[in-house]
Each structure stands twice: as structure tokens, then as C-alpha cells.
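Chemist: The file below is input_5.txt, compact mmCIF, C-alpha atoms (C1' of nucleotides):
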# COMPACT_ATOMS: atom_id res chain seq x y z
CA MET A 294 82.55 111.04 135.34
CA ARG A 295 84.41 109.60 132.40
CA TRP A 296 87.72 107.82 132.75
CA GLU A 297 89.80 110.29 130.74
CA GLU A 298 88.96 113.11 133.17
CA LEU A 299 90.35 111.22 136.14
CA ASP A 300 93.95 112.40 135.79
CA ARG A 301 92.86 116.00 136.25
CA GLU A 302 90.93 115.43 139.48
CA PRO A 303 92.41 117.20 142.51
CA CYS A 304 93.10 113.85 144.16
CA SER A 305 96.32 111.84 144.14
CA LEU A 306 94.40 108.60 144.44
CA ALA A 307 92.29 109.41 141.37
CA ARG A 308 95.40 110.44 139.47
CA SER A 309 97.22 107.24 140.40
CA LEU A 310 94.19 105.22 139.39
CA SER A 311 94.07 106.97 136.03
CA ILE A 312 97.25 104.97 135.36
CA VAL A 313 97.01 101.76 137.40
CA GLY A 314 93.28 101.62 138.18
CA ASP A 315 92.05 99.19 135.58
CA ARG A 316 91.61 95.46 135.43
CA TRP A 317 94.93 94.52 133.84
CA THR A 318 97.57 97.16 134.45
CA LEU A 319 98.77 96.03 137.86
CA LEU A 320 98.99 92.43 136.68
CA VAL A 321 101.19 93.58 133.80
CA LEU A 322 103.33 95.44 136.32
CA ARG A 323 103.51 92.37 138.57
CA GLU A 324 105.20 90.59 135.68
CA CYS A 325 107.53 93.55 135.18
CA PHE A 326 108.65 93.30 138.80
CA LEU A 327 109.26 89.58 138.17
CA ARG A 328 111.51 90.67 135.29
CA VAL A 329 109.21 89.75 132.43
CA ARG A 330 109.94 92.13 129.54
CA ARG A 331 108.63 90.83 126.23
CA PHE A 332 105.23 91.00 124.62
CA GLU A 333 104.82 87.27 124.08
CA GLU A 334 105.87 86.43 127.59
CA PHE A 335 103.37 88.88 129.09
CA GLU A 336 100.67 87.41 126.92
CA GLN A 337 101.44 83.79 127.74
CA ARG A 338 101.81 84.33 131.47
CA LEU A 339 98.76 86.54 131.87
CA GLY A 340 96.28 85.11 129.34
CA ILE A 341 95.37 88.66 128.34
CA ALA A 342 93.91 89.54 124.93
CA ARG A 343 96.74 90.78 122.72
CA HIS A 344 95.19 94.10 121.78
CA VAL A 345 94.44 94.87 125.42
CA LEU A 346 98.05 94.08 126.28
CA ALA A 347 99.30 96.31 123.46
CA ASP A 348 97.05 99.11 124.71
CA ARG A 349 98.20 98.79 128.32
CA LEU A 350 101.88 98.68 127.41
CA LYS A 351 101.43 101.80 125.29
CA LYS A 352 99.61 103.65 128.06
CA LEU A 353 102.23 102.67 130.62
CA THR A 354 104.98 103.78 128.26
CA ASP A 355 103.23 107.08 127.53
CA ALA A 356 102.85 107.61 131.27
CA GLY A 357 106.59 107.06 131.84
CA VAL A 358 106.10 103.93 133.96
CA LEU A 359 107.76 101.68 131.37
CA VAL A 360 110.33 102.36 128.65
CA LYS A 361 110.79 100.49 125.39
CA VAL A 362 114.37 99.31 124.99
CA PRO A 363 115.54 97.69 121.73
CA TYR A 364 117.17 94.32 122.25
CA GLN A 365 117.82 93.49 118.58
CA GLU A 366 117.79 95.11 115.12
CA ARG A 367 116.61 93.41 111.89
CA PRO A 368 113.90 92.82 112.72
CA ARG A 369 113.79 95.53 115.31
CA ARG A 370 112.45 94.14 118.57
CA GLU A 371 111.86 96.04 121.76
CA GLU A 372 111.26 95.05 125.35
CA TYR A 373 109.61 96.89 128.20
CA ARG A 374 111.40 97.88 131.38
CA LEU A 375 110.35 99.66 134.54
CA THR A 376 111.51 103.25 134.88
CA GLU A 377 112.22 104.88 138.22
CA LYS A 378 108.58 106.00 138.23
CA GLY A 379 107.59 102.38 137.65
CA LEU A 380 109.89 100.98 140.33
CA ASP A 381 108.34 103.49 142.69
CA LEU A 382 105.08 101.57 142.38
CA TYR A 383 106.59 98.74 144.43
CA PRO A 384 104.92 99.88 147.67
CA VAL A 385 101.56 99.64 145.89
CA MET A 386 102.29 96.08 144.76
CA LEU A 387 103.55 95.12 148.19
CA SER A 388 100.57 96.47 150.09
CA LEU A 389 98.17 94.68 147.75
CA LEU A 390 100.19 91.47 148.05
CA ASP A 391 100.25 91.62 151.85
CA TRP A 392 96.50 92.30 151.97
CA GLY A 393 95.84 89.38 149.62
CA ASP A 394 98.12 87.12 151.68
CA LYS A 395 96.25 88.03 154.84
CA TRP A 396 92.64 88.11 153.64
CA MET A 397 92.45 86.09 150.44
CA SER A 398 94.68 83.05 151.06
CA GLY A 399 92.87 79.85 151.93
CA GLU A 400 93.99 77.14 154.32
CA GLU A 401 97.11 76.48 152.28
CA GLY A 402 98.67 79.86 152.89
CA PRO A 403 100.08 82.40 150.43
CA PRO A 404 101.11 81.26 146.93
CA VAL A 405 104.31 83.33 146.78
CA LEU A 406 106.67 84.37 149.58
CA ARG A 407 108.93 87.40 149.60
CA ARG A 408 112.28 87.20 151.32
CA HIS A 409 114.07 90.33 152.51
CA LYS A 410 117.67 90.21 151.30
CA ALA A 411 118.90 92.38 154.17
CA CYS A 412 117.82 89.98 156.94
CA GLY A 413 117.12 86.79 155.01
CA LYS A 414 113.63 86.38 156.43
CA ILE A 415 110.19 86.00 154.86
CA ALA A 416 108.66 89.40 155.52
CA ARG A 417 105.63 91.63 155.26
CA ALA A 418 105.81 95.39 154.83
CA VAL A 419 104.93 97.68 157.71
CA GLN A 420 104.18 101.32 156.94
CA VAL A 421 105.82 103.81 159.24
CA CYS A 422 105.85 107.60 159.32
CA SER A 423 108.56 109.25 157.22
CA GLU A 424 108.99 111.84 160.00
CA CYS A 425 108.89 109.93 163.27
CA GLY A 426 109.14 106.27 162.32
CA GLU A 427 106.02 105.26 164.23
CA PRO A 428 103.32 103.09 162.56
CA MET A 429 100.76 104.77 160.29
CA GLY A 430 97.30 103.21 160.48
CA ALA A 431 94.02 104.44 159.06
CA ARG A 432 93.00 106.12 162.29
CA ASP A 433 96.42 107.58 163.12
CA MET A 434 96.00 110.26 160.46
CA THR A 435 94.02 113.40 159.82
CA VAL A 436 93.59 115.03 156.42
CA GLU A 437 93.67 118.66 155.34
CA LEU A 438 93.63 120.48 152.02
CA GLY A 439 97.04 121.09 150.43
CA PRO A 440 98.42 123.64 147.97
CA GLY A 441 97.03 121.88 144.88
CA ALA A 442 93.50 121.52 146.28
CA GLU A 443 91.72 123.84 143.77
CA GLY A 444 88.05 123.21 144.46
CA ARG A 445 88.49 119.95 146.31
CA GLU A 446 86.12 119.62 149.27
CA LEU A 447 86.51 117.24 152.17
CA PRO A 448 83.33 115.68 153.56
CA PRO A 449 82.03 117.17 156.85
CA ALA A 450 82.99 114.14 158.94
CA ALA A 451 86.61 114.26 157.78
CA LYS A 452 86.87 118.00 158.33
CA ALA A 453 85.44 117.72 161.83
CA GLU A 454 88.19 115.30 162.75
CA GLY A 455 90.93 117.59 161.56
CA LYS A 456 89.94 120.16 164.20
CA MET B 169 91.17 85.13 131.30
CA ARG B 170 87.82 86.37 132.51
CA TRP B 171 87.41 88.59 135.52
CA GLU B 172 85.39 86.14 137.65
CA GLU B 173 88.26 83.64 137.61
CA LEU B 174 90.70 86.11 139.10
CA ASP B 175 89.94 85.36 142.75
CA ARG B 176 91.03 81.74 142.29
CA GLU B 177 94.41 82.52 140.74
CA PRO B 178 97.36 81.43 142.88
CA CYS B 179 98.45 85.04 143.29
CA SER B 180 97.68 87.41 146.14
CA LEU B 181 97.86 90.38 143.81
CA ALA B 182 95.29 88.88 141.44
CA ARG B 183 93.06 87.98 144.38
CA SER B 184 93.29 91.49 145.82
CA LEU B 185 92.53 92.95 142.41
CA SER B 186 89.47 90.72 142.09
CA ILE B 187 88.06 92.99 144.81
CA VAL B 188 89.69 96.40 144.38
CA GLY B 189 91.02 96.20 140.81
CA ASP B 190 88.37 98.05 138.86
CA ARG B 191 87.81 101.63 137.85
CA TRP B 192 85.60 102.71 140.77
CA THR B 193 86.12 100.55 143.83
CA LEU B 194 89.12 102.31 145.33
CA LEU B 195 87.47 105.70 144.83
CA VAL B 196 84.45 104.42 146.75
CA LEU B 197 86.82 103.24 149.48
CA ARG B 198 88.61 106.60 149.52
CA GLU B 199 85.29 108.14 150.50
CA CYS B 200 84.80 105.46 153.14
CA PHE B 201 88.14 106.37 154.73
CA LEU B 202 86.95 110.00 154.68
CA ARG B 203 83.92 108.79 156.65
CA VAL B 204 81.37 108.99 153.86
CA ARG B 205 78.75 106.33 154.54
CA ARG B 206 75.54 106.98 152.61
CA PHE B 207 74.51 106.12 149.07
CA GLU B 208 73.59 109.64 148.04
CA GLU B 209 76.76 111.13 149.43
CA PHE B 210 78.92 108.61 147.56
CA GLU B 211 77.04 109.40 144.38
CA GLN B 212 77.26 113.18 144.72
CA ARG B 213 80.93 113.24 145.68
CA LEU B 214 82.06 110.75 143.06
CA GLY B 215 79.80 111.48 140.09
CA ILE B 216 79.38 107.73 139.59
CA ALA B 217 76.38 106.19 137.80
CA ARG B 218 73.94 105.00 140.45
CA HIS B 219 73.69 101.40 139.28
CA VAL B 220 77.47 101.10 139.16
CA LEU B 221 77.65 102.45 142.71
CA ALA B 222 74.97 100.00 143.88
CA ASP B 223 76.90 97.16 142.26
CA ARG B 224 80.23 98.15 143.85
CA LEU B 225 78.73 98.58 147.31
CA LYS B 226 77.12 95.16 147.02
CA LYS B 227 80.36 93.52 145.89
CA LEU B 228 82.33 95.19 148.68
CA THR B 229 79.71 94.12 151.20
CA ASP B 230 79.70 90.53 149.87
CA ALA B 231 83.50 90.52 150.10
CA GLY B 232 83.38 91.61 153.76
CA VAL B 233 85.15 94.92 153.12
CA LEU B 234 82.06 96.97 154.05
CA VAL B 235 79.07 96.23 156.30
CA LYS B 236 75.57 97.64 156.02
CA VAL B 237 74.45 99.19 159.29
CA PRO B 238 70.86 100.46 159.74
CA TYR B 239 70.71 104.08 160.89
CA GLN B 240 66.91 104.44 160.91
CA GLU B 241 63.74 102.34 160.69
CA ARG B 242 60.51 103.41 158.88
CA PRO B 243 61.67 103.73 156.23
CA ARG B 244 64.59 101.45 156.84
CA ARG B 245 67.82 103.10 155.75
CA GLU B 246 71.28 101.63 155.90
CA GLU B 247 74.76 103.05 155.67
CA TYR B 248 78.06 101.43 154.72
CA ARG B 249 81.02 101.14 157.05
CA LEU B 250 84.50 99.73 156.73
CA THR B 251 85.10 96.40 158.44
CA GLU B 252 88.47 95.38 159.84
CA LYS B 253 89.19 93.83 156.45
CA GLY B 254 88.34 97.16 154.85
CA LEU B 255 90.40 99.23 157.28
CA ASP B 256 93.29 96.91 156.47
CA LEU B 257 93.26 98.34 152.93
CA TYR B 258 94.66 101.60 154.29
CA PRO B 259 98.25 100.74 153.28
CA VAL B 260 97.02 100.29 149.70
CA MET B 261 95.36 103.71 149.75
CA LEU B 262 98.38 105.31 151.32
CA SER B 263 100.89 103.89 148.86
CA LEU B 264 98.76 105.00 145.90
CA LEU B 265 98.33 108.44 147.48
CA ASP B 266 102.05 108.87 148.08
CA TRP B 267 102.85 107.74 144.53
CA GLY B 268 100.30 110.19 143.12
CA ASP B 269 101.64 113.00 145.33
CA LYS B 270 105.16 112.33 144.06
CA TRP B 271 104.57 111.63 140.38
CA MET B 272 101.21 113.11 139.45
CA SER B 273 101.07 116.45 141.29
CA GLY B 274 101.80 119.49 139.16
CA GLU B 275 103.61 122.65 140.19
CA GLU B 276 101.04 123.39 142.88
CA GLY B 277 101.82 120.36 144.96
CA PRO B 278 99.52 117.68 146.38
CA PRO B 279 95.78 118.42 146.75
CA VAL B 280 95.41 116.77 150.15
CA LEU B 281 97.89 116.45 153.00
CA ARG B 282 97.95 113.76 155.66
CA ARG B 283 99.07 114.62 159.15
CA HIS B 284 100.33 111.94 161.53
CA LYS B 285 98.56 112.33 164.86
CA ALA B 286 101.46 110.78 166.79
CA CYS B 287 104.05 113.39 165.78
CA GLY B 288 101.85 116.16 164.35
CA LYS B 289 103.75 116.35 161.06
CA ILE B 290 102.73 116.05 157.42
CA ALA B 291 104.04 112.63 156.52
CA ARG B 292 104.54 110.03 153.84
CA ALA B 293 104.56 106.29 154.49
CA VAL B 294 107.81 104.33 154.38
CA GLN B 295 107.64 100.57 154.07
CA VAL B 296 109.93 98.66 156.36
CA CYS B 297 110.49 94.96 156.94
CA SER B 298 108.20 93.38 159.55
CA GLU B 299 111.17 91.29 160.74
CA CYS B 300 114.17 93.62 160.83
CA GLY B 301 112.72 97.12 160.40
CA GLU B 302 114.97 98.00 157.48
CA PRO B 303 113.49 99.54 154.29
CA MET B 304 111.90 97.24 151.70
CA GLY B 305 112.44 98.37 148.12
CA ALA B 306 111.71 96.56 144.87
CA ARG B 307 115.25 95.24 144.58
CA ASP B 308 115.70 94.36 148.26
CA MET B 309 113.50 91.29 147.86
CA THR B 310 113.58 87.85 146.29
CA VAL B 311 110.51 85.73 145.63
CA GLU B 312 109.90 82.01 146.09
CA LEU B 313 106.89 79.74 145.87
CA GLY B 314 104.87 79.36 149.05
CA PRO B 315 102.56 76.66 150.47
CA GLY B 316 99.53 77.76 148.40
CA ALA B 317 101.41 77.86 145.10
CA GLU B 318 99.52 75.00 143.35
CA GLY B 319 100.70 75.25 139.76
CA ARG B 320 102.03 78.79 139.95
CA GLU B 321 105.28 79.23 138.00
CA LEU B 322 107.75 82.04 138.44
CA PRO B 323 109.42 83.38 135.29
CA PRO B 324 113.04 82.22 134.68
CA ALA B 325 114.56 85.63 135.45
CA ALA B 326 112.87 85.80 138.87
CA LYS B 327 113.84 82.24 139.74
CA ALA B 328 117.46 82.85 138.77
CA GLU B 329 117.63 85.70 141.24
CA GLY B 330 116.35 83.60 144.12
CA LYS B 331 119.41 81.33 143.86
C1' DG C 96 44.11 114.66 152.06
C1' DA C 97 46.95 115.56 148.17
C1' DA C 98 51.31 117.02 146.64
C1' DA C 99 56.09 117.28 147.21
C1' DG C 100 60.40 115.64 149.27
C1' DT C 101 63.98 112.14 150.60
C1' DA C 102 66.96 108.04 150.44
C1' DA C 103 68.22 103.98 148.22
C1' DG C 104 67.98 101.64 144.77
C1' DT C 105 66.39 99.59 139.71
C1' DT C 106 65.51 99.83 134.75
C1' DC C 107 66.39 101.33 130.11
C1' DC C 108 69.06 102.74 126.16
C1' DC C 109 73.16 103.65 123.90
C1' DT C 110 78.29 103.83 123.75
C1' DT C 111 82.74 101.96 125.10
C1' DT C 112 85.61 98.26 126.37
C1' DC C 113 86.86 93.38 126.50
C1' DG C 114 87.69 88.29 125.22
C1' DG C 115 88.92 85.40 121.59
C1' DA C 116 90.49 84.35 117.34
C1' DA C 117 92.39 85.45 112.87
C1' DC C 118 95.41 88.29 110.14
C1' DT C 119 99.80 91.37 109.00
C1' DG C 120 104.68 92.72 108.56
C1' DT C 121 109.51 91.86 109.09
C1' DT C 122 113.32 88.96 109.14
C1' DA C 123 116.02 84.46 110.03
C1' DG C 124 116.91 79.76 109.07
C1' DG C 125 116.45 75.36 106.49
C1' DC D 135 110.45 78.95 98.78
C1' DC D 136 108.50 77.43 103.22
C1' DT D 137 108.23 77.75 108.02
C1' DA D 138 108.94 79.93 112.36
C1' DA D 139 109.34 83.84 115.75
C1' DC D 140 107.92 88.17 117.51
C1' DA D 141 105.12 92.20 117.95
C1' DG D 142 101.54 93.88 116.94
C1' DT D 143 96.50 95.04 114.39
C1' DT D 144 91.78 93.94 112.93
C1' DC D 145 87.23 92.05 113.52
C1' DC D 146 83.19 90.32 115.88
C1' DG D 147 79.94 89.34 119.49
C1' DA D 148 79.49 89.91 124.61
C1' DA D 149 79.92 92.50 128.77
C1' DA D 150 80.37 96.74 131.34
C1' DG D 151 79.69 101.70 131.87
C1' DG D 152 77.43 106.64 131.45
C1' DG D 153 73.23 109.13 131.86
C1' DA D 154 68.66 109.75 132.76
C1' DA D 155 64.11 108.24 134.18
C1' DC D 156 61.41 105.29 137.15
C1' DT D 157 60.19 102.75 141.78
C1' DT D 158 59.40 102.05 146.70
C1' DA D 159 58.48 103.44 151.19
C1' DC D 160 57.86 106.61 154.10
C1' DT D 161 57.69 111.85 156.05
C1' DT D 162 56.73 116.63 155.68
C1' DT D 163 54.38 120.60 153.86
C1' DC D 164 50.47 122.91 151.84
Could I get this file's structure written as C-alpha cells?

Modeler:
Amino acid sequence: MRWEELDREPCSLARSLSIVGDRWTLLVLRECFLRVRRFEEFEQRLGIARHVLADRLKKLTDAGVLVKVPYQERPRREEYRLTEKGLDLYPVMLSLLDWGDKWMSGEEGPPVLRRHKACGKIARAVQVCSECGEPMGARDMTVELGPGAEGRELPPAAKAEGK
Amino acid sequence: MRWEELDREPCSLARSLSIVGDRWTLLVLRECFLRVRRFEEFEQRLGIARHVLADRLKKLTDAGVLVKVPYQERPRREEYRLTEKGLDLYPVMLSLLDWGDKWMSGEEGPPVLRRHKACGKIARAVQVCSECGEPMGARDMTVELGPGAEGRELPPAAKAEGK
DNA sequence: GAAAGTAAGTTCCCTTTCGGAACTGTTAGG
DNA sequence: CCTAACAGTTCCGAAAGGGAACTTACTTTC
């Protein structure tokens, strides 16, 4: 399978990955969430090759995750900001951050802490059900085909569990 | 920056991405969560080049995300299973799935639905604070350097907000 | 007993992508 | 006029990926 076909797969994970599933995109977005907005600042903070950065910013803009906003004329200069679609990726960032904190930090502990404004405490994210509020773990769920399934097949073991 | 240096960056996102941040790894893990376990079944369901699949399975096994478990002797055959560390990636899968369902499904709706065993309903995940149980959105949080920060710098705009 | 099948890789070749550095275009300031 | 700032673009050699054939170690079928 080639990469350009990924956004047409009948799978929301594949479609999400067609946008954020490469080596650099989520690191660019990390900087966006930290309020970095300009080309040079992305480049300096990330150490990314400039043409790769230009390509990623263009793809994210085309996908509606970022918008280019002019911040001066003559010479015209534009900065990149998260759209609502981009801000909606925060749960993805947060779950990757929490996993990294738990499994990839050494003795020293996590490099960056996140404080919840509402309660003032350093916090992790817990995923709960949108319907009942109870926790949602890997084995608390079953899967079934939805309306947009068109040709998608679940493997036998996953189907058996849905019964 | 080269890819092999990513796991030593003082950033939990970068460290997580050093394991799951490439084009194929999360799709392999999707199949794992659907209880696919054998080389040939991964290959057939994903349409991935065999040597790329072999490489990803090895890296995931080396990282402790999957384990190889023998399921027959003569000839010895092994299958791949999620470890606790691997199962802990479920929030990452779920947040990407929910984002794809919301932003990348067409008219038809999402291709696959997830049903919460506890309440029996089709459900999304909501991220709430581990400390107070209130929702955690992108702008509900501030960041600060943690014990493992060693040289990590936050951008001026993010620091200003922490004050 | 030879031929074919099965599962899990490995090897090869060719194309695409990436890292790193240099170059371009536009405008401001000295 | 010369230099600097910012946002790219171009070029080259190296690395990674797609696709198909080959390998190994057995079992099953003819």
C-alpha cells in the first residue's frame, strides 16, 4: 500500500495517520500547542530540515489543521496557527505524552509537567466513556462495522468477541 | 536531527514517537488490538512489504510493546502479543480513532464503531483529569519543566502562560 | 519418495523520502 | 550600497520503502 492511498481506507486510524502518521508532523504540532507559530522558530526548536518543515506545514494547512495568518505586510510574512480541527488533536498529544511519561522516562522522571488549571494539580489524562463516564480500557470495548464500512473486514478473533 | 536520537530527547512525545511515530507501526498495533497475531495475517490485512513488517515487529518486540510467544514446535512458529506496555497504548489508538471519526469520515459516517461493554452503548472517549475528574482540553493546561528536563527549554509564549 | 504447501522471514532492485547545506526573493535599516 | 531577517526552494548523497523472488524448516498429498 502506498501512503497516498491511506486517507481513503475505511479506517479512522488510517485516515488520521494519513495526516499525523509521519516522523515529524506530531513534533511540529507539539510546538504549535506550545504556541510556536513561525517558520524559523519551528526550525530552530526542532532541528528539522527546512524543506521537510515547509512540506509538513503545507500539508497540515491543506488538511485544515493549521491556518496561515499574516502578521505583517511588506514583506508579507505569515504565521501558522491551530484551527479547531488542530486543537482537537490535543487528546492525541496528551495520550502520547502520558504514555511517554510512564514508559519512556528514566530515573529522573518526566521532562515536562502539565498542570490542570481547573484544580491546580499536576495531572494525567484518564479516558472515560462519553455515555456513562466509566473508564474505557482496551478490553472494555467491542468493535463492530459502522455505516461507512464499505468492504472493511474485521479479523475473526475480533468478530467472535463482538457476539 | 536523525531518527535514532529521538528516544533520548527530553520530551515524552518525542520518546513515544521514537517507537510509534512512523508510517506503519500504529497500523500494526491496530491489528494487534483486533487480536491479529501472526506474520501472514498482518501482511495480508495491511498490504505491507514483508521486510518492513519484519522490521516493525522486531522493533516493537525490542521496545517491549509486543512479545513473541511460540504457538507450535517443529517447525517452531511464534506469534506476537501485546504486553502491558503495548495495551497501555490503547488511549493513543482511541484518541486517533475518535479524531478520525469526527474529522475524516465522509457522509457515510465512521467505518468501525466501538461499544463500551460496561454500558452497552457506542461511545467516544473523553479525557478527564486524573486528579479532579474535570475535562482536560488544550487550553485547560499549563506546562512547566519537570525533574527530567535536562536542557529542555520551553518557548517564551508557553512560559509566559505558566506565570 | 518426490512434489507441493505453509509460515516466517530474508534478499534484491528500484523509487521515494530525508538530512544537510547552499541559494533565492523581498524588504528594512544603517 | 551593504547587511540582516524571514520564509522558503534547490541540490546532492544517504536512508527507507514498495514489490517481487528466494530461503528455511517442516508437513501433507500424490

Chemist: Using only C-alpha atoms (C1' of nucleotides) for the distances, tell me which of A:Arg407, A:Arg308, A:Arg369, A:Arg445 is nearest to chain D.

Modeler: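 When distances to chain D are compared using only C-alpha atoms (C1' of nucleotides), the smallest one comes from A:Arg369.
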
Chemist: Quick check, in Å to one decimal: how far apart do atom CA of B:Leu265 and atom CA of A:Met397 lie?

Modeler: 23.3 Å

Chemist: Would you kindly return, as a PyMOL selection string, each protein, DNA or RNA residue with an atom no farther than 12 Å from any atom of stretch 108-111 of chain C, considering all atoms listed in the file and excluding same-chain residues fewer than 5 positions away?

Modeler: (chain A and resi 295-296) or (chain D and resi 149-155)

Chemist: Using only C-alpha atoms (C1' of nucleotides), determine which residues lie at most 12 Å from C:DG100, disregarding the query and same-chain residues fewer than 6 positions distant; provide the list as a VMD selection string.

Modeler: chain D and resid 160 to 163

Chemist: At most 6 Å is the cut-off: for each residue in chain A with any atom that close to an atom of chain B, write down the nearest atom pair and the distance in Å rounded to one decimal, counting all atoms listed in the file, chain first then increasing number, as a tab-separated table.

Modeler:
residue	atom	partner	partner_atom	distance
A:Met294	CA	B:Gly215	CA	5.5
A:Pro303	CA	B:Pro279	CA	5.6
A:Cys304	CA	B:Pro279	CA	5.9
A:Ser305	CA	B:Gly268	CA	4.4
A:Leu306	CA	B:Leu265	CA	5.0
A:Ser309	CA	B:Gly268	CA	5.1
A:Gly314	CA	B:Arg191	CA	5.5
A:Asp315	CA	B:Asp190	CA	5.1
A:Arg316	CA	B:Asp190	CA	5.4
A:Leu327	CA	B:Ala326	CA	5.3
A:Arg328	CA	B:Ala325	CA	5.9
A:Gly340	CA	B:Met169	CA	5.5
A:Tyr383	CA	B:Ala306	CA	5.6
A:Pro384	CA	B:Ser263	CA	5.8
A:Val385	CA	B:Ser263	CA	5.2
A:Ser388	CA	B:Val260	CA	5.2
A:Leu389	CA	B:Leu181	CA	5.8
A:Leu390	CA	B:Leu181	CA	5.0
A:Gly393	CA	B:Ser180	CA	4.4
A:Asp394	CA	B:Ser180	CA	5.6
A:Glu401	CA	B:Gly316	CA	4.7
A:Gly402	CA	B:Gly316	CA	5.0
A:Pro403	CA	B:Gly316	CA	5.1
A:Pro404	CA	B:Ala317	CA	3.9
A:Val405	CA	B:Leu313	CA	4.5
A:Leu406	CA	B:Glu312	CA	5.3
A:Arg407	CA	B:Val311	CA	4.6
A:Arg408	CA	B:Thr310	CA	5.2
A:His409	CA	B:Met309	CA	4.8
A:Lys410	CA	B:Asp308	CA	5.5
A:Ala416	CA	B:Ser298	CA	5.7
A:Arg417	CA	B:Ser298	CA	5.3
A:Ala418	CA	B:Cys297	CA	5.2
A:Val419	CA	B:Val296	CA	5.3
A:Gln420	CA	B:Gln295	CA	4.6
A:Val421	CA	B:Val294	CA	5.3
A:Cys422	CA	B:Ala293	CA	5.2
A:Ser423	CA	B:Arg292	CA	5.3
A:Ala431	CA	B:Tyr258	CA	5.6
A:Asp433	CA	B:Lys285	CA	5.5
A:Met434	CA	B:His284	CA	4.8
A:Thr435	CA	B:Arg283	CA	5.2
A:Val436	CA	B:Arg282	CA	4.6
A:Glu437	CA	B:Leu281	CA	5.3
A:Leu438	CA	B:Val280	CA	4.5
A:Gly439	CA	B:Val280	CA	4.6
A:Pro440	CA	B:Gly277	CA	5.6
A:Gly441	CA	B:Pro279	CA	4.1
A:Ala442	CA	B:Pro279	CA	3.9
A:Ala450	CA	B:Arg203	CA	5.9
A:Ala451	CA	B:Leu202	CA	5.3

Chemist: Quick one: pull the distance between atom CA of B:Leu228 and atom CA of A:Leu353, Å, one decimal.

Modeler: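 Atom-to-atom, atom CA of B:Leu228 and atom CA of A:Leu353 are spaced 27.9 Å apart.
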
Chemist: Between D:DA159, D:DA139, D:DC164, D:DA148, which has the minimum distance to chain A (counting all atoms listed in the file)?

Modeler: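 Of all the options, D:DA139 lies closest to chain A.
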
Chemist: Please return, as a count of residues only, all residues of chain C lying within 9 Å of chain B when all atoms listed in the file are considered.

Modeler: 5

Chemist: By how many Å are atom C1' of D:DC145 and atom CA of A:Asp355 apart?

Modeler: 26.0 Å

Chemist: Which residues come within 10 Å of D:DT144, counting all atoms listed in the file, excluding same-chain residues fewer than 4 positions away, as a PyMOL selection string?

Modeler: (chain A and resi 344) or (chain C and resi 117-119)

Chemist: Which centre and edge lengths in Å to one decimal define the box along x, y and z that fits every listed atom of stretch 409-427 of chain A plus 6 Å per side, as lines of an AutoDock Vina configuration file?

Modeler:
center_x = 111.5
center_y = 98.9
center_z = 157.8
size_x = 26.7
size_y = 37.8
size_z = 24.9

Chemist: With the cut-off set at 9 Å and counting only C-alpha atoms (C1' of nucleotides), tabulate each residue of chain D with an atom at most that distance from an atom of chain A, showing the nearest atom pair and its distance in Å to one decimal, ordered by chain and increasing number, as JSON lines.

Modeler:
{"residue": "D:DC140", "atom": "C1'", "partner": "A:Glu333", "partner_atom": "CA", "distance": 7.3}
{"residue": "D:DA141", "atom": "C1'", "partner": "A:Phe332", "partner_atom": "CA", "distance": 6.8}
{"residue": "D:DG142", "atom": "C1'", "partner": "A:Ala347", "partner_atom": "CA", "distance": 7.3}
{"residue": "D:DT143", "atom": "C1'", "partner": "A:His344", "partner_atom": "CA", "distance": 7.6}
{"residue": "D:DG152", "atom": "C1'", "partner": "A:Arg295", "partner_atom": "CA", "distance": 7.6}
